[in-house]
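For reference, the structure discussed in these notes is given below.
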Amino acid sequence: MKSTGRPTFFELLRQSLQNVEGGYDLLAPKFDRSPYKTPEEILLPFFQYIKTEEKFGAGLDLCCGTGAATIHLAKICDQVTALDLSDGMLDQCRKKMDDADLSAHVTFLKGDALELTFEDRFDVVVSFGAFGHIPIEEEEVFLRGIFRALRPGGSFYFITTDKLPFFSFSNFAQRLFNGIMRIRNWLIRPPFIMYYLTFRLPLIRDKLAKVGFQVDVRNDLSFDRRFNYLIPLKHFKLVIATKPLQAL
Ligand SMILES: C[S@@+](CC[C@H](N)C(=O)[O-])C[C@H]1O[C@@H](n2cnc3c(N)ncnc32)[C@H](O)[C@@H]1O
């Protein structure tokens, strides 16, 4: 049978029995052909929207994976740091940047997004496809690390959704997924932390404000609605969380 290059059911099953780092190390070579990579239908309009006439100085792609967003970020920043927990994913990211001739602009860093040690370093921080890996009780720790890492006036840009309609396929599918994941983590060690329905408005707005960000939720960025995704793109909103120039 001809291989599609996509991860097989058994490969995904094996991956799901690891912890997050080990799971992504295994998936890395085929990650870009999996449904987990953030698609260009999201990335293109996002980066088109946030780019400014002058390039940003330093950018951080947090939980960069194989570099789906890093490649865009590297085109609008002088220098980018691509940080991820998984060596396998970072290797793929490095290859992608080499192929695009962008490696000179990118520093690859293995690290935990919950233990950031940067201070006043970045003008822009982005993160895609990883909020489900941040336990809800650690969201504030995650946001505090980003706040510290940004220079005053710098912004954390991301997309998320409001609460989804209760009677919707997405809401049902994500609750079902979370239920299965809770059972998996109850039965099997090490746990694989990945839950949907986290990092959502309006709660995340309150957490951002508590940490000290000025928060702007934009309604004027729209995505191609024909694109089929577990969470329909019409629900996505761009959030711009800015570290004030002067401490409040
Ligand atoms: C679904 S992938 C998304 C990758 C990429 N950002 C994208 O949008 O295609 C999630 C990534 O987050 C990384 N990750 C998960 N938890 C992390 C943590 N605590 N610190 C750093 N990276 C983490 C994983 O290793 C994986 O590469």
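A note on labels: chains of the structure tokens are A, B, ... as shown, every chain counts residues from 1, and ligands are counted from 1 in their shown order.
Those protein and nucleic acid residues that have any atom within 7 Å of ligand 1 are, using only C-alpha atoms and all ligand atoms, A:Val20, A:Glu21, A:Tyr24, A:Tyr36, A:Lys37, A:Thr38, A:Leu62, A:Cys63, A:Cys64, A:Gly65, A:Thr66, A:Gly67, A:Ala68, A:Ala69, A:Leu83, A:Asp84, A:Leu85, A:Ser86, A:Met89, A:Gly111, A:Asp112, A:Ala113, A:Leu114, A:Ser127, A:Phe128, A:Gly129, A:Ala130, A:His133, A:Ile134.
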Within 12 Å of range 167-187 of chain A, which residues of range 14-96 of chain A show up? Give each one with its shortest atom-to-atom distance in Å (one decimal) and the two atoms involved, counting only C-alpha atoms, rows by chain then rising residue number, as JSON lines.
```
{"residue": "A:Ser16", "atom": "CA", "partner": "A:Arg184", "partner_atom": "CA", "distance": 9.1}
{"residue": "A:Leu17", "atom": "CA", "partner": "A:Arg184", "partner_atom": "CA", "distance": 8.6}
{"residue": "A:Gln18", "atom": "CA", "partner": "A:Asn185", "partner_atom": "CA", "distance": 10.6}
{"residue": "A:Asn19", "atom": "CA", "partner": "A:Asn185", "partner_atom": "CA", "distance": 10.0}
{"residue": "A:Val20", "atom": "CA", "partner": "A:Asn185", "partner_atom": "CA", "distance": 11.9}
```
Only C-alpha atoms, please: the residues just picked out, written as an mmCIF file, in the first residue's frame.
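Output file out-v9.cif is given in full below:
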```cif
data_model
loop_
_atom_site.group_PDB
_atom_site.id
_atom_site.type_symbol
_atom_site.label_atom_id
_atom_site.label_comp_id
_atom_site.auth_asym_id
_atom_site.auth_seq_id
_atom_site.Cartn_x
_atom_site.Cartn_y
_atom_site.Cartn_z
ATOM 1 C CA SER A 16 -0.523 9.273 22.910
ATOM 2 C CA LEU A 17 0.881 6.817 25.465
ATOM 3 C CA GLN A 18 3.958 9.021 26.100
ATOM 4 C CA ASN A 19 4.220 12.279 28.004
ATOM 5 C CA VAL A 20 4.019 15.500 25.958
#
```
Check: Residues at most 7 Å from Ile76 in chain A, counting only C-alpha atoms, excluding those fewer than 5 positions away in the same chain, as a ChimeraX atom specification?
Finding: /A:51,55-56
Kindly export the residues of the current selection with C-alpha atoms, as a PDB file, in the first residue's frame.
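Saved the output as result-v3.pdb:
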```
ATOM      1  CA  LYS A  51       3.031  42.862  10.701  1.00  0.00           C
ATOM      2  CA  LYS A  55      10.237  44.918  11.162  1.00  0.00           C
ATOM      3  CA  PHE A  56       9.935  43.990  14.833  1.00  0.00           C
TER       4      PHE A  56
END
```
Open item on the list: Set the distance at 9 Å and use only C-alpha atoms: which residues neighbour range 143-160 of chain A once local chain neighbours fewer than 6 positions away are removed? I'd like the list as a ChimeraX atom specification.
Closed with: /A:46,50,113-128,199-201,207-208,211-213,235-247
Report task. Could you give me the residues within range 13-102 of chain A that DSSP places in helix (DSSP H, G or I), as a PyMOL selection string? Result -> chain A and resi 13-16+20-33+40-50+70-76+87-99
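In this comparison, which uses only C-alpha atoms, the residue of A:Arg14, A:Glu140, A:His105, A:Ile42 approaching Ala209 in chain A most closely is A:Glu140.
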